[in-house]
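For reference, the structure is listed below as structure tokens.
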Amino acid sequence: MYKIIRKHVFNPTETLLEIEAPMVAKKAHPGQFIILRSDADAERIPLTIGGYDREKGTVTIIFQIVGASTYKLNLLEEGDELHDFVGPLGKPTELDGEKVCVVGGGLGCAIAYPIAKAFHDEGKDVTAIAGFRTKDLVILDEEFRANSTRYIGVSDDGTYGEKGVVTKPLEELLQKEKFDKVISIGPVIMMKFVTEVCKKYNVPECICSMNPIMIDGTGMCGCCRLTVGGKTKFACVDGPDFNAYVVDFDEAMKRGGMYKAFEKKAYDEAKCNLFKKEDK
């Protein structure tokens with residue numbers, strides 16, 4: 001079993017858990033992910049590693065409550081234990097390049113942060129751009145500021161940082177300076193537009209972190225398949241980082257939306273069943 005050492009609720013939909021998992025922490029690197037089950041009958045949930053402490057033997061994850069499984073996961077408290085916590089899975093982010101820009105959107109900032117920190121720890125020039133819908137949904141603000149050379153926060157409604165989307169400050173920067181690499185993590189539509197901006201300004205390398213539907217994490221189920229450079233790739237073993245210039249984002253968006261209605265139905269049923277138990 002894997003004990004929850006710390007729980008922090010950012011807002012009503014996003015939660016951080018620090019899990020006691022020494023074997024995973026020993027091998028973890030930024031960009032990789034784990035697959036967990038909250039109990040023996042639970043669904044397998046893939047979540048990107050949001051941080052790790054090798055000395056403490058802990059791994060941090062940040063998740064968004066979108067379906068029944070994440071709703072149930074959020075009900076767990078400090079001291080509770082997870083049934084499974086498997087990883088690290090996937091390939092780590094490559095930390096090449098002396099001047100990089102890491103762009104995160106929404107919950108993707110939980111993935112962008114450890115990547116920005118890893119570059120910063122190596123003495124690289126790191127610009128971090130984080131975008132949120134509104135101030136109430138901001139996460140890891142202080143952490144980004146402490147672990148990047150320059151930090152720019154934006155929000156759709158202007159309640160946090162600059163008003164606008166992440167491509168606005170990115171394009172403003174690219175108009176006057178060059179980056180060796182731009183890495184984007186967030187909604188697929190955001191990563192698509194970040195990639196288009198990078199193409200426009202001839203950024204040498206543009207990387208996106210893909211998080212499609214996934215089941216086994218070994219490439220056998222095929223659920224996480226993507227089209228990259230005209231070929232089928234599997235995010236769990238070939239990624240999750242890919243050359244954004246050759247990713248078929250439109251196909252990824254179509255596949256990613258296949259189960260949204262099911263997720264909503266399962267989430268509503270999970271809440272309903274919980275309330276029925278409490279009423280007894």
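We label chains A, B, ... in the order they appear in the structure tokens, count residues from 1 in each chain, and number ligands from 1 in the order shown.
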
- Polymer residues at most 12 Å from Lys168 of chain A, only C-alpha atoms, same-chain spacing of 2 or more positions, as a PyMOL selection string: chain A and resi 103+129-131+152-156+162-166+170-175+190+193-194+197-198

- Message: I need the residues of segment 142-209 of chain A that end up classed as strand (DSSP E) by DSSP on the backbone, written out as a PyMOL selection string.
- Response: chain A and resi 150-155+162-163+181-185+206-209

Next, dump the selected residues to file, keeping only C-alpha atoms, as a CSV table (one decimal), in the first residue's frame.
chain,number,residue,atom,x,y,z
A,150,ARG,CA,11.4,34.7,-15.7
A,151,TYR,CA,7.8,33.9,-15.0
A,152,ILE,CA,4.7,35.2,-16.8
A,153,GLY,CA,1.2,34.4,-15.6
A,154,VAL,CA,-1.9,35.0,-17.6
A,155,SER,CA,-5.6,34.5,-17.2
A,162,GLU,CA,-1.9,39.6,-17.9
A,163,LYS,CA,-5.2,39.2,-19.6
A,181,LYS,CA,13.4,25.0,-27.3
A,182,VAL,CA,9.7,25.6,-26.4
A,183,ILE,CA,7.9,23.0,-24.4
A,184,SER,CA,4.1,23.1,-24.0
A,185,ILE,CA,1.9,21.2,-21.6
A,206,CYS,CA,9.0,22.6,-30.1
A,207,ILE,CA,7.9,19.8,-27.8
A,208,CYS,CA,4.4,18.9,-26.5
A,209,SER,CA,3.5,16.6,-23.7

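Considering only C-alpha atoms, the residue among A:Pro12, A:Pro212, A:Pro22, A:Pro46 positioned nearest to Tyr71 of chain A is A:Pro12.
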
- Query: Hey, what does DSSP flag as helix (DSSP H, G or I) within segment 159-272 of chain A? Can you give it to me as a ChimeraX atom specification?
  - Reply: /A:167-174,188-200,235-238,244-246,249-256,260-272

- Identify which of the residues A:Thr159, A:Thr149, A:Thr58, A:Gln32 lies closest to Asp238 of chain A, counting only C-alpha atoms when measuring atom-to-atom distances. A:Gln32

- Task: Show which residues sit within 10 Å of segment 105-111 of chain A, as a ChimeraX atom specification. Count only C-alpha atoms, and ignore same-chain residues fewer than 5 positions away.
- Result: /A:13-14,16,30-33,47-51,60-64,116,128-134,137-141,144,154-155,165-166,184-188,190-191,209,211

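Between atom CA of Glu18 of chain A and atom CA of Thr93 of chain A the interatomic distance comes to 21.3 Å.
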
- Message: So that I can see what lies close to Asp180 of chain A, please list as a list in words the residues with an atom at most 8 Å from it, counting only C-alpha atoms and leaving out residues fewer than 5 positions away in the same chain.
- Response: Gly97, Glu98, Lys99, Val100, Val203, Pro204 and Glu205 of chain A

Selection from above, N, CA, C and O atoms, as a compact mmCIF listing (two decimals), in the first residue's frame, can you write it?
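Here's the written file result.txt:
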# COMPACT_ATOMS: atom_id res chain seq x y z
N GLY A 97 19.42 22.17 -24.44
CA GLY A 97 19.09 23.56 -24.74
C GLY A 97 19.47 24.46 -23.59
O GLY A 97 19.26 24.11 -22.42
N GLU A 98 20.06 25.61 -23.91
CA GLU A 98 20.51 26.54 -22.87
C GLU A 98 19.47 27.60 -22.54
O GLU A 98 19.44 28.13 -21.44
N LYS A 99 18.61 27.90 -23.51
CA LYS A 99 17.57 28.90 -23.29
C LYS A 99 16.24 28.31 -23.73
O LYS A 99 16.02 28.06 -24.92
N VAL A 100 15.37 28.06 -22.75
CA VAL A 100 14.12 27.36 -23.05
C VAL A 100 12.93 28.14 -22.50
O VAL A 100 13.05 28.95 -21.58
N VAL A 203 11.23 28.49 -34.29
CA VAL A 203 11.87 27.95 -33.09
C VAL A 203 12.46 26.59 -33.45
O VAL A 203 11.76 25.73 -34.00
N PRO A 204 13.75 26.35 -33.17
CA PRO A 204 14.39 25.10 -33.58
C PRO A 204 13.70 23.83 -33.09
O PRO A 204 13.63 22.84 -33.81
N GLU A 205 13.20 23.86 -31.87
CA GLU A 205 12.58 22.66 -31.32
C GLU A 205 11.35 23.03 -30.51
O GLU A 205 11.40 23.90 -29.64

Need to verify the contact set: Gly219 of chain A, 8 Å, only C-alpha atoms, exclusion of same-chain residues closer than 6 positions in sequence. Can you return it as an mmCIF file with N, CA, C and O atoms, in the first residue's frame?
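Contents of the output file part-v7.cif:
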data_model
loop_
_atom_site.group_PDB
_atom_site.id
_atom_site.type_symbol
_atom_site.label_atom_id
_atom_site.label_comp_id
_atom_site.auth_asym_id
_atom_site.auth_seq_id
_atom_site.Cartn_x
_atom_site.Cartn_y
_atom_site.Cartn_z
ATOM 1 N N PHE A 234 2.647 5.576 -29.437
ATOM 2 C CA PHE A 234 1.915 5.364 -28.192
ATOM 3 C C PHE A 234 2.498 6.274 -27.115
ATOM 4 O O PHE A 234 3.689 6.189 -26.802
ATOM 5 N N ALA A 235 1.651 7.124 -26.551
ATOM 6 C CA ALA A 235 2.122 8.119 -25.586
ATOM 7 C C ALA A 235 2.789 7.492 -24.377
ATOM 8 O O ALA A 235 3.732 8.049 -23.815
ATOM 9 N N CYS A 236 2.326 6.313 -23.967
ATOM 10 C CA CYS A 236 2.827 5.726 -22.730
ATOM 11 C C CYS A 236 4.255 5.203 -22.852
ATOM 12 O O CYS A 236 4.980 5.174 -21.854
ATOM 13 N N VAL A 237 4.668 4.784 -24.044
ATOM 14 C CA VAL A 237 6.021 4.240 -24.204
ATOM 15 C C VAL A 237 6.896 5.081 -25.137
ATOM 16 O O VAL A 237 8.114 5.132 -24.974
#

- Task: Measure the distance from atom CA of Gly123 of chain A to atom CA of Val102 of chain A in Å and round it to one decimal.
- Result: 14.8 Å

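Candidate residues A:Ala25, A:Leu36, A:Lys117, A:Val9 were compared for distance to Ile65 of chain A, and the nearest is A:Val9, using only C-alpha atoms.
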
- Message: Quick check, in Å to one decimal: how far apart do atom CA of Ala118 of chain A and atom CA of Glu20 of chain A lie?
- Response: 21.5 Å
